[in-house]
Structures are given as structure tokens and as C-alpha cells.
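Everything on this sheet refers to the single structure shown next.
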Protein chains: 6
Amino acid sequence: MSIVYTNPPRTAPEIVVCFTDLGVATVHEAQGRIGLMQPYMRPIYTGARAVGTAVTVSLAPADNWMLHVVVEQCQPGDIVIAAPTSFSDAGYFGELLATSLAARGVRGLVLEGGCRDVADLARMGFPVWSRAVSAQGTVKGTLGSINVPLVCAGQLVHPGALILADDDGVVVVARERAEAVLAASRAREEKEAKVRARLKGGEMGLDIYGMRDAVAQKGLTYRRYGT
Amino acid sequence: MSIVYTNPPRTAPEIVVCFTDLGVATVHEAQGRIGLMQPYMRPIYTGARAVGTAVTVSLAPADNWMLHVVVEQCQPGDIVIAAPTSFSDAGYFGELLATSLAARGVRGLVLEGGCRDVADLARMGFPVWSRAVSAQGTVKGTLGSINVPLVCAGQLVHPGALILADDDGVVVVARERAEAVLAASRAREEKEAKVRARLKGGEMGLDIYGMRDAVAQKGLTYRRYGT
Amino acid sequence: MSIVYTNPPRTAPEIVVCFTDLGVATVHEAQGRIGLMQPYMRPIYTGARAVGTAVTVSLAPADNWMLHVVVEQCQPGDIVIAAPTSFSDAGYFGELLATSLAARGVRGLVLEGGCRDVADLARMGFPVWSRAVSAQGTVKGTLGSINVPLVCAGQLVHPGALILADDDGVVVVARERAEAVLAASRAREEKEAKVRARLKGGEMGLDIYGMRDAVAQKGLTYRRYGT
Amino acid sequence: MSIVYTNPPRTAPEIVVCFTDLGVATVHEAQGRIGLMQPYMRPIYTGARAVGTAVTVSLAPADNWMLHVVVEQCQPGDIVIAAPTSFSDAGYFGELLATSLAARGVRGLVLEGGCRDVADLARMGFPVWSRAVSAQGTVKGTLGSINVPLVCAGQLVHPGALILADDDGVVVVARERAEAVLAASRAREEKEAKVRARLKGGEMGLDIYGMRDAVAQKGLTYRRYGT
Amino acid sequence: MSIVYTNPPRTAPEIVVCFTDLGVATVHEAQGRIGLMQPYMRPIYTGARAVGTAVTVSLAPADNWMLHVVVEQCQPGDIVIAAPTSFSDAGYFGELLATSLAARGVRGLVLEGGCRDVADLARMGFPVWSRAVSAQGTVKGTLGSINVPLVCAGQLVHPGALILADDDGVVVVARERAEAVLAASRAREEKEAKVRARLKGGEMGLDIYGMRDAVAQKGLTYRRYGT
Amino acid sequence: MSIVYTNPPRTAPEIVVCFTDLGVATVHEAQGRIGLMQPYMRPIYTGARAVGTAVTVSLAPADNWMLHVVVEQCQPGDIVIAAPTSFSDAGYFGELLATSLAARGVRGLVLEGGCRDVADLARMGFPVWSRAVSAQGTVKGTLGSINVPLVCAGQLVHPGALILADDDGVVVVARERAEAVLAASRAREEKEAKVRARLKGGEMGLDIYGMRDAVAQKGLTYRRYGT
């Protein structure tokens with residue numbers, strides 16, 4: 001059955017906005033190393049970055065019909081997460097659909113499939129993370145569903161979840177945990193800022209993190225090369 | 001037998017020039033979704049773009065001898081399409097060969113293999129679409145053929161065919177069909193320009209393309225999330 | 001047994017500096033087509049380039065503990081070569097470790113694994129060549145070894161070897177051979193400069209390299225297309 | 001947090017047993033083409049086949065500690081579904097663990113990772129579906145969780161779900177739907193048996209499925225070759 | 001346009017039958033190392049082997065409608081060669097279609113896509129060479145064409161061509177060249193039989209092929225290990 | 001320079017023979033998890049197994065000349081380890097070369113490349129571990145070297161090393177360590193035999209290995225599902 005769930009609860013915008021300066025790696029660590037999509041999910045241009053709330057789209061393979069349907073379900077601040085039910089790297093998404101999503105205030109797309117018009121999308125500044133780049137078109141013959149739980153690049157995504165994507169990849173934060181993950185991420189950032197300053201000054205992690213005892217206990221031996 | 005066919009009929013330059021502003025995705029759609037090379041064929045630098053007429057080169061694997069031979073067969077406006085008879089991703093092509101092709105007015109290279117000196121090629125603005133980047137050299141020991149029909153990245157390419165390549169990939173247009181494909185591509189562009197303007201204004205494809213009836217007929221159900 | 005060999009003999013800095021303007025492809029050719037890492041080893045940003053002396057690190061899979069330990073073993077002008085004992089593309093390396101290595105004068109990293117914080121690393125200008133980009137963190141639970149001979153991307157690397165890396169890939173030059181390879185590379189560069197000038201002037205490799213006799217002897221046939 | 005959920009509700013054994021003669025392709029079709037794991041999940045020997053109830057195990061990458069812990073949570077008729085939180089194709093599972101699982105009545109393993117001792121496992125008749133074969137060992141350093149919802153090869157698996165695996169791959173059937181899927185699968189089998197008999201008799205699907213009108217309406221043209 | 005070309009001229013059966021005992025590697029060599037499909041085209045079971053005449057089918061991606069249509073176009077001794085216009089490894093073919101093709105006397109299938117019911121197909125002895133095994137079903141929504149020239153696994157296949165497939169892969173022999181290739185293959189077989197007998201007797205290829213002079217001329221040096 | 005080193009010291013036959021019943025996974029563990037080739041190195045038929053001493057061959061890409069030269073350097077009990085200097089998966093090895101190696105008493109081949117005639121090789125019982133199966137032929141135009149240290153599938157192999165290969169992959173044991181590794185492997189086997197007996201009797205690794213305390217200390221929580 002094909003179904004569109006409308007208006008799922010979304011992560012609160014005042015929380016989402018606080019993730020603006022955080023990196024994917026930091027947030028992934030801060031939430032206990034969960035929620036990271038597989039590394040084949042790559043931005044179509046260098047420096048792409050987006051944070052927003054998930055609207056999920058389940059597609060038929062090589063069929064982008066539901067990407068037209070999803071536009072209406074989007075609000076400013078959303079990021080569309082789309083995956084076909086069977087793997088096909090056809091080019092589901094291009095400049096026209098991006099124009100339509102941008103007009104709705106959508107901040108980006110994460111796509112388990114191929115993307116086309118990538119030069120146009122880079123010019124527009126509409127970021128896409130995808131498995132592939134492909135000019136191969138798709139059909140509009142089979143429906144899918146919107147705002148259902150969706151597995152995309154190895155992660156389960158619920159509608160309304162917070163999505164953060166940058167050059168390192170894409171991380172999913174559950175709506176219920178977003179505030180806690182934000183706090184943990186900030187704490188991590190602060191700690192890292194202090195460590196960074198000391199590393200710049202020439203101190204080493206071996207000393208800052210107190211690793212010398214640990215490596216000695218595990219039996220690390222230092223020996224002059226050639227002896 | 002190794003053979004060089006000289007002076008194959010080429011797509012007329014006055015037609016080729018009209019493809020200058022068209023995208024690979026558009027032309028591929030306009031000619032009925034045929035002629036697109038497989039998506040592993042990627043430009044070596046972002047923003048690469050070329051349109052021209054095919055000169056085909058069949059190479060021995062890990063042997064770039066025929067790339068030296070093909071220079072003489074090229075005219076201004078050509079694009080070289082090269083593929084080894086057996087797959088090998090060695091680095092068949094670099095800056096010296098590019099200098100020579102550029103001196104002949106060649107506009108680019110599509111290579112079923114590896115390319116090297118990519119920083120130099122980007123500086124020169126000589127675009128290459130290839131399977132791989134590799135500094136591994138090749139030998140000059142076995143001949144091949146020039147201007148024979150060639151399978152490259154899953155597409156059959158005849159010499160003289162129109163080749164269009166950009167960030168989305170590479171599309172092949174048969175010489176005999178180039179004029180008709182041009183007309184179809186322009187019609188598509190004009191139609192898309194109108195749709196783009198409406199999408200920017202906030203209209204949705206669901207309405208522009210009249211999809212509401214179709215999705216209803218197929219049984220798409222809208223339901224408030226959580227109910 | 002986990003062991004850190006300290007102060008291996010390194011390729012002399014006055015030799016290393018002379019490789020600054022040479023390309024990976026040229027050096028690889030000049031030393032007889034050996035020492036080139038497999039082509040999956042790619043820079044995390046376009047235009048990355050580094051030359052220096054190898055400090056090798058053998059890691060446990062998905063464990064970056066030894067990357068903290070190696071900092072202390074590095075001198076200005078070093079390049080770290082790191083590989084896990086079992087393949088895992090987790091994200092072993094990010095901006096904090098790069099800050100620490102940069103503070104020691106390290107020029108880059110070659111990593112048989114995943115790298116994260118790639119936007120930060122590009123901003124810092126700290127070049128990394130890696131198999132993958134991944135935000136997935138690693139643990140610090142198992143020791144490895146430093147300055148042992150290491151297989152990385154298909155090449156055996158001894159500590160102190162000269163490493164040259166650019167957009168084309170990574171090449172390893174044995175310390176004992178570095179001076180000879182430098183001479184051979186320069187000779188090659190000079191010869192190529194002369195050929196380049198002639199190619200720009202419109203001469204063809206067929207004539208410059210005297211290939212016409214060779215292709216004729218091998219039986220290459222020229223025939224007018226369509227006849 | 002690492003947690004072991006004990007005694008999840010399982011699909012009823014009297015339903016599971018009825019799937020014994022059904023194929024993965026049939027069940028996947030019958031439940032509406034959902035639940036199929038990605039095709040890289042392959043049996044380690046030809047003819048492998050298993051049906052049972054899922055016990056899920058979330059592992060640390062390259063760490064098989066929880067595979068030892070899970071043994072105690074298994075009942076006769078279970079199939080273990082195991083995936084690391086980060087992709088690593090080390091060899092998590094071999095003959096000793098299989099001996100232990102077999103002693104508990106476990107019917108097989110589906111593993112997002114590498115398997116070893118495959119000749120021994122084939123001899124024992126203990127079927128494993130895995131991404132890879134690898135003799136590389138793992139450590140026992142980091143805990144994971146048992147009987148949590150788990151994404152394995154692109155499918156979300158809940159503990160207690162019905163798992164059916166054969167040479168074609170692995171399909172997951174939700175516990176709540178197992179009875180309905182069984183009925184649909186049987187109906188499909190019966191229908192296919194009738195069609196098979198007619199196809200063997202020389203009738204064609206074109207006629208049996210009444211496709212002649214459909215292809216004519218879509219405009220399929222028949223033309224004598226060469227005319 | 002979708003078109004079915006009927007009754008293409010086929011390689012004569014009295015020639016086809018003579019290829020029964022020849023291997024793919026031998027025929028590929030004998031026809032001058034052309035016509036070999038890419039090595040990802042693998043048999044679904046060990047020991048699969050087929051020789052026959054090509055009936056080609058161009059499919060829409062993830063759509064197997066034309067595999068139903070092609071049955072009627074097949075004669076005893078044919079091998080179906082099928083490829084989608086865009087790459088999709090869904091499961092296009094299974095036991096029911098095989099039953100139908102077998103009833104028409106078809107000897108096998110070469111499929112640029114996924115195959116399912118592989119245990120059933122092995123039992124039936126219906127050989128398939130495919131890119132993938134997948135239980136994922138396909139739709140019947142878009143037509144394609146039959147007996148058009150088709151690129152499959154990197155080779156151009158004309159209807160009526162001779163197809164030979166075994167554990168080593170798939171080779172295509174043009175209808176017009178089949179008789180000449182047969183003669184060349186037999187000559188090669190006879191020569192190899194003589195060489196084989198001598199090799200079994202302990203003679204070495206170095207002597208049989210007279211390679212000692214060639215390696216010496218190229219400068220091969222023999223040196224006692226350790227000196 | 002191309003060089004053949006003759007008569008390298010080999011692991012003693014009385015040690016080699018003792019590895020006959022050991023598995024690759026066991027030996028790899030016993031020598032401290034080193035020496036395992038990458039898992040893409042797979043046997044061409046199920047049940048393949050070989051143990052012997054390495055004769056190494058460095059090949060030019062897509063050139064199998066040195067495989068003819070190596071025959072003469074082989075003694076009964078050897079295993080040939082061959083890798084091209086640049087990656088090419090052409091079919092370097094087939095039934096004729098196997099006949100010649102078998103006549104010299106060679107026990108198998110490990111090949112960083114493609115193998116052909118695999119049905120014949122299976123019939124002969126001549127085991128090959130390779131990256132690929134390919135019927136594509138190679139040339140005999142460029143020399144290589146024999147009994148030089150060689151990187152194959154990620155492992156450095158010295159001539160005379162002990163090679164053990166089975167369905168799990170290929171492991172390399174240094175000649176100097178072979179006796180110690182044998183002792184460690186046997187100790188491991190004995191220990192595993194005792195564990196196996198207890199596991200068969202229904203005891204669990206949790207108890208046998210005394211893991212209960214460790215998991216408790218790390219904080220593993222058991223909770224009834226649904227609470």
C-alpha cells in the first residue's frame with residue numbers, strides 16, 4: 001500500500017539551528033557512535049553542508065514519482081531522505097526538482113541512488129548526498145510512501161529526525177535525543193578546543209590524554225632503530 | 001589486424017556547435033534515453049565539459065601506443081574515445097599527449113582506463129573522462145585500431161558520432177540522428193524553462209504535470225502522521 | 001609484540017627538497033615503474049601535494065591508538081604512512097591529530113583506511129591520501145608498531161623512505177636509491193620539456209619518437225574510411 | 001549502553017515450520033516485495049538453506065565478543081542475525097562458535113561481516129550468509145547489544161522475526177505478519193504450480209498471462225528481420 | 001520505439017554443434033582475442049556450459065516484461081542475451097521463465113542483471129550467466145526490443161551470433177566468422193594437445209616454445225640466490 | 001633489470017608436511033594474526049587446499065611470460081606466488097601451464113590476477129587462488145623477475161616461505177618462524193579440540209572462557225524483553 005503520512009512531529013527548529021556549526025564526526029561521537037550512514041553516501045560537491053529535519057521517501061527502483069509527491073509535504077528546514085526499495089543507481093533527481101524543493105525552503109537531499117545535473121546543483125547551492133552521479137532518467141509508474149521509517153545507507157531514519165550532513169558524510173539524530181546530543185556535542189567541542197590549543201602549542205596527545213602509562217602497561221617497547 | 005581508418009564522416013560542425021549549451025541529462029532524455037555511458041566514467045576535474053566528434057581508438061591493455069598514432073587522425077573539434085580490448089586501469093594518458101592533442105584542436109578524451117598528470121591537465125583545461133586516475137605507465141608494444149566501432153563504458157561508439165560530456169557523464173549521439181536530437185533537446189529545454197519559472201514561483205510538479213489524478217487512481221492515501 | 005623503533009635513518013633533507021617540483025608519474029617512471037601505491041589511494045582534496053620521509057605505523061583495525069603514539073616519533077619533513085593489520089575503513093584520523101602532527105612539522109599522511117574532518121583538513125592545508133572518507137570513530141584498545149616495514153596500498157614501505165604524493169597518487173622511493181632516482185627524474189623532466197615544446201609547435205609523437213617505422217613493421221594499415 | 005534483552009516474543013514455531021519448503025523469492029513477492037536483504041549477502045556454500053526466528057546481535061567492528069554472549073540467548077529454531085556498528089569484514093565467526101550454536105539448536109547465521117572455517121562449516125552443515133570470507137581474527141574488547149532492532153544488509157530486523165535464507169539471499173518477515181505472509185506465499189505457490197505445468201506443455205506466458213493485448217496497446221511492433 | 005525483429009539469420013546449426021567441446025578461452029584466442037564479455041559475467045552454478053545462437057533482448061531497468069515476450073521468438077538451440085538499458089541488478093529471471101524457455105529448446109541465458117531461484121535452475125540444469133543473484137522482483141510496465149544489436153557485458157551482440165559460455169565466461173562469435181573461427185579453434189586444440197603431452201612428460205615451455213633465446217636477448221639474468 | 005634467483009633456501013619439507021592438517025585461520029591466529037592475504041584472494045573451486053614453499057614471480061601486467069620461465073625453477077612441494085607490477089585481471093594462467101607445473105610437482109598457484117580453464121583445473125585437481133576468473137589471454141613481451149620479495153594481496157612474500165591456502169584464504173609463514181608457528185598452531189589445535197568437546201556437550205564459551213565477569217565489569221545489562 002502506498003501512503004503519505006502528513007505532518008510528522010519534527011525536531012524543534014530552535015534545537016536544529018544549534019547544530020549549524022557542529023561537524024558530522026563530532027555529533028556521531030557525541031551520541032555514542034550511532035546513526036552514521038555508510039561512507040558511500042558522498043556530497044556531489046566539495047563543501048556541501050546541511051542541517052534539518054527528515055522527510056522520508058520510499059521510492060520504486062528507477063522511478064522518481066514520489067519525489068514529485070514529496071514536495072508538497074516539505075516545510076522550510078526539511079531535508080529529504082529518499083531510498084528505492086531495490087537498489088538502482090539511476091538518476092532520480094536533477095535541477096528541476098531541486099528548484100521546486102528550494103522554493104519550499106528545503107535544505108538538501110540524501111539519496112540512495114544517482115543524482116544528475118550536478119553542475120547546476122552546485123551553482124544553485126542545493127546540496128545532495130548520493131551513492132552515484134548518473135544522467136540516466138527514471139520513470140513515473142509506481143507509487144511509494146512518504147514519512148514511513150526508512151533504511152537509507154544502512155541507517156534507520158524516522159520522519160522528523162535531525163539530519164546533519166557535511167563532507168564527512170551524513171548522521172541521523174533521533175528527534176527524542178536531539179537536545180541531549182546537542183549538549184553532548186557542545187561539551188565535546190569545548191573539550192576539543194582546549195586540546196587543540198595545547199596540541200598547537202606542541203604538547204602531545206600521549207601526555208594530554210595520559211596515554212604513557214597505558215601503552216607501557218600493554219607492553220609497548222621503544223627501541224633504537226637498527227639495534 | 002591493426003588498421004587506421006582515415007577521415008570518417010563526422011557530424012557537421014554547425015550541428016555540433018548548437019549542443020554547446022545543452023546538458024548530458026537533457027540530450028540523453030531527448031534522444032529517448034539511449035547513448036549514455038556507464039556512470040563510472042567521471043571527469044578528472046569538476047566543471048569539465050566538452051562537445052565534439054568521435055575519433056575512436058582501440059588499444060591493447062596497458063599499452064598506449066595507439067594514442068600516439070591517433071593524434072595525426074584528429075581534426076579541430078574532435079573528441080578521442082579510447083578503450084583497451086581488455087580492462088586495465090593503468091595510466092594511459094598524461095600531460096604530454098594532451099599537449100599534442102590540444103595542438104591539433106582536440107577538445108577532450110573519454111578513456112576506458114586510467115589517466116595521470118591530472119593536476120597538469122586541469123591547469124591546461126584539457127578535459128578527460130576516465131574510469132580511474134593512475135600514475136602507472138604503459139608500454140608501446142602492441143598495435144590497435146583507429147576509427148573502428150568501439151564499445152566504451154557500455155556504449156557502442158561509431159567514428160564521427162557526436163559526443164557530449166559534462167559533470168553528469170558522457171552521452172553518444174549517432175551522426176545520422178544529431179539534427180533530430182538537437183531539435184528534441186531544444187524543445188525539452190524550452191519546456192523545462194517554463195516549468196522552472198513556475199517551480200521557482202512555488203507551484204508544484206504535482207499540479208504542473210497534472211499528477212494528482214494519477215496518484216489518486218493508483219491508490220495513494222494521505223493520512224495524518226500518528227493516526 | 002608492539003614496538004616503537006626510534007630514529008630510523010631518513011632520506012637526506014637536501015635530497016628530499018629537490019623532489020619538490022617533480023610529479024608522481026615522472027618519479028615512478030624514472031625509477032623503473034616501481035613503488036607506486038594502488039590507485040585507490042586518493043587525496044582528500046584536489047591539489048594536495050606532499051614530499052617527505054616515511055614514518056610507518058602499523059595499527060590494529062578500527063583502532064587509532066598508535067596515531068597518537070607516532071606524533072612523538074615525527075620530525076619536521078616527515079610523512080606518516082599508516083595501515084591497519086586488517087582492512088577497516090573506519091575514520092582513524094581527523095583535525096585534532098592533524099593539528100598535533102602539523103605542530104611537529106609533519107607534511108602529510110598516507111592512510112590505508114578512512115579519514116574524517118576533511119573540510120577542516122582542507123582548510124588547514126594538511127594533505128591526506130586515504131582509501132575512504134568516514135566519520136566513524138575508532139577505539140584506543142590495541143597497540144601496534146612504529147617504524148616497522150609496512151605494506152600500504154600494495155607497496156612495501158621502509159621507515160625513512162622518500163614519499164611523494166600528489167593528485168595522481170603516492171610513490172615510494174627507497175632511501176638508498178633516492179639520489180639516483182632524483183637524477184633520473186630530472187633527466188626525464190628535461191627531455192620532456194623539449195618534447196613538450198615540439199608538441200606545442202604541432203609536431204607529432206609519431207615523428208618525434210620515430211614511431212612511423214615501428215608501426216609499419218608491425219603491420220599497421222591505413223585505409224580510407226568506407227573503402 | 002550495552003544491553004541484552006532476554007526472551008523476546010518469537011514467531012510461533014508452528015508457523016515457522018510451514019515456511020520449510022518456500023523459497024526466498026516467493027516469500028519476498030508474497031509479502032509485497034519488502035524485507036529482502038541486499039544481494040551481497042551470500043551463503044558460504046551452495047545449497048545452504050535455513051528458516052527460523054531472529055536473535056539479533058549488534059557487534060563492535062572487528063570484535064566478536066557478543067557472538068559468545070549470544071549463545072546463551074538462543075533457543076532451538078533460532079537464526080542469529082549479527083552486524084557490526086561500523087563495517088569491517090574481519091572473520092567474526094568460525095567452527096568453534098558454530099559448534100556452540102549448533103549445540104543450542106540454532107539453524108544458521110546471517111552476518112554483516114566475514115566468516116572463516118568455511119570448509120568445516122560446510123562439512124558440519126551449519127549455514128552462514130555473509131558479506132565476505134575472511135580468516136582474519138577479531139578481538140574481544142568492546143561490548144554490544146542483543147535483541148535490539150538491527151539494520152543488517154539494508155533491512156531492519158526485529159528480534160523474533162521470521163528469517164528465511166537460501167541460495168537467492170535472505171528475507172525477513174515481521175512476526176506479526178508471518179501468518180498472513182504464509183497464506184499469501186502458499187497461494188502464490190499453488191498458482192505458480194499451475195502456470196509451470198502449462199509452460200512445460202509449451203504454452204507461453206504471453207498467452208497464459210494475457211499479455212498480447214497489453215504489448216499491442218503499448219505499441220510493440222513485430223517486423224521481419226532485415227526488412 | 002519498441003520492436004521485435006522476427007527470424008534473424010542464425011549461425012548454421014551444423015557449425016554450432018562443432019563448438020560443443022571447445023572452451024571459451026580457446027575460442028577467444030582463436031578468433032584473435034575479441035568477443036569476450038567482461039569477467040563479472042559468471043555462471044550461477046559450477047560446471048554450467050552452453051553453446052547456441054543469440055536472441056537479443058533489450059529490457060527496461062528492473063522490468064522483465066520482454067523476457068516473457070522473447071519466449072515466442074526462440075527456437076531450439078538459441079541462447080537469450082538480455083540487458084537492461086540502464087544498470088539494475090534486480091532479479092529479472094527465475095524458474096518459471098526458465099521452464100518456459102526450456103520448453104522451447106533454449107539452451108541458456110546471459111543476463112546483464114540479477115537471477116533468482118538459482119537452486120531450482122541448477123536442479124533443472126538450465127544455465128544462466130549473470131552479474132548478480134537477487135531475489136528482488138521486477139515489474140512489467142515498459143516495453144523493450146528483441147533481436148536488435150545489444151551491448152552486453154562490454155560486447156556488441158548481433159542476433160544470430162554464436163554464443164559459447166562456460167565456467168571461464170562468455171564469448172561471442174560473429175555469424176559470418178563462425179566457420180573460420182571453428183577451424184582456427186580446432187587447429188589450436190590440436191596444437192595444444194601435442195604441447196600438453198610433452199608438458200606431461202616433463203618438457204618445459206621454455207624449450208617447447210623456444211623461449212630460451214628470447215629471454216636471453218631481452219637480458220634475463222640467472223643468479224644463485226644469496227649471491 | 002630482470003633477474004631469476006635460483007635455489008632460494010626453502011622451509012624444510014619435514015616442517016611443511018606437518019602443516020597438512022592445519023587450517024589457514026588457525027595458523028594465522030597462532031602466528032599472532034599476521035601474514036594473511038586480503039580476502040579477495042579466493043580458490044577457483046570449493047575444497048581447494050595446498051601447503052608448500054613459495055617460488056615468487058613478478059610479472060608485467062597482462063603478460064604471462066615469466067610463468068613459463070618459472071616452471072624450471074620449481075621443485076616438488078613448491079607453490080607459485082605470482083603478481084603483476086600493475087593491476088590487471090587478464091587470464092594469466094590456464095590448463096597448459098598447470099599441466100607443466102604439475103609435472104614438476106608444484107602444489108598450487110596464488111595469483112594476483114585472473115585465471116582461466118577453471119573447469120579443467122578443477123578436474124585436474126590443480127588448486128589456484130586468484131583475484132578473478134578471466135578467459136582473456138595475455139602476451140609474452142616483457143620479462144619480470146623470479147624469487148624476489150613480492151607483495152601479493154597485501155602481504156610481503158619471500159621466496160621459500162611456507163604458504164598455506166584453503167577455502168578461507170591464503171596465509172604466509174616466514175621460513176625462519178615456521179617451526180615456532182607450527183608449535184603454536186598445534187597447541188592451539190589441541191586447546192580448541194578440548195573446547196569443541198565441551199561446546200558440543202552444551203557448555204557455553206561464556207563459561208569456558210570465563211567471560212561472565214568481564215562482561216559484567218564492562219557493564220553488560222540483561223533485561224527481560226518488553227520491560
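Every chain in the C-alpha cells takes a letter, A first, then B, and so on in the order presented; its residues are numbered from 1, and the ligands are numbered from 1 following the presented order.
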
Please run DSSP on the backbone and report, as a ChimeraX atom specification, all residues within chain C that come out as strand (DSSP E or B). /C:3-6,36,42-43,50-59,63,78-84,91-93,108-115,128-133,139,145-146,150-152,155-157,162-166,169-173,221-224

Please, which residues of chain E lie no more than 9 Å from chain D when the count uses only C-alpha atoms, and can they be set out as a PyMOL selection string? chain E and resi 1-9+45+68-69+71-72+89+91+94-97+99-104+115-119+132-137+142-145+147

Per DSSP on the backbone, filter segment 12-227 of chain C down to the residues in alpha helix (DSSP H) and report them as number ranges by chain. C: 13-16, 24-30, 65-70, 95-103, 118-124, 178-200, 205-208, 211-217

Within 10 Å of Leu162 of chain D using only C-alpha atoms, minus same-chain residues under 6 positions, as a count of residues only: 22

Computed gap from atom CA of Ala50 of chain F to atom CA of Ala153 of chain F is 17.1 Å

Mind checking which residues fall within 9 Å of Ala98 of chain E, counting only C-alpha atoms, ignoring those fewer than 6 positions away in the same chain, and posting them as a PyMOL selection string? chain E and resi 106+108-109+121+124+126

Hey, what's within 7 Å of Val148 of chain E if we count only C-alpha atoms and toss same-chain stuff fewer than 4 positions away? As a short mmCIF file (atom, residue, chain, number, x, y, z; two decimals) with C-alpha atoms, in the first residue's frame, please?
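Once everything was written out, this is out_11.cif:
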data_model
loop_
_atom_site.label_atom_id
_atom_site.label_comp_id
_atom_site.auth_asym_id
_atom_site.auth_seq_id
_atom_site.Cartn_x
_atom_site.Cartn_y
_atom_site.Cartn_z
CA THR E 56 18.87 -10.49 -28.03
CA HIS E 158 24.05 -9.25 -33.05
CA PRO E 159 21.09 -11.62 -33.18
#

What is the distance between atom CA of Thr138 of chain C and atom CA of Asp63 of chain C, in Å to one decimal?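 Between these atoms lies a distance of 5.0 Å.
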
Separation of atom CA of Arg131 of chain A from atom CA of Pro76 of chain A in Å: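 If I compute the distance from atom CA of Pro76 of chain A to atom CA of Arg131 of chain A, I get 25.0 Å.
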
Give me the residues within 9 Å of Leu67 of chain F as a VMD selection string, counting only C-alpha atoms and dropping any in the same chain fewer than 5 places off. chain F and resid 57 59 80 82 92 to 93 97
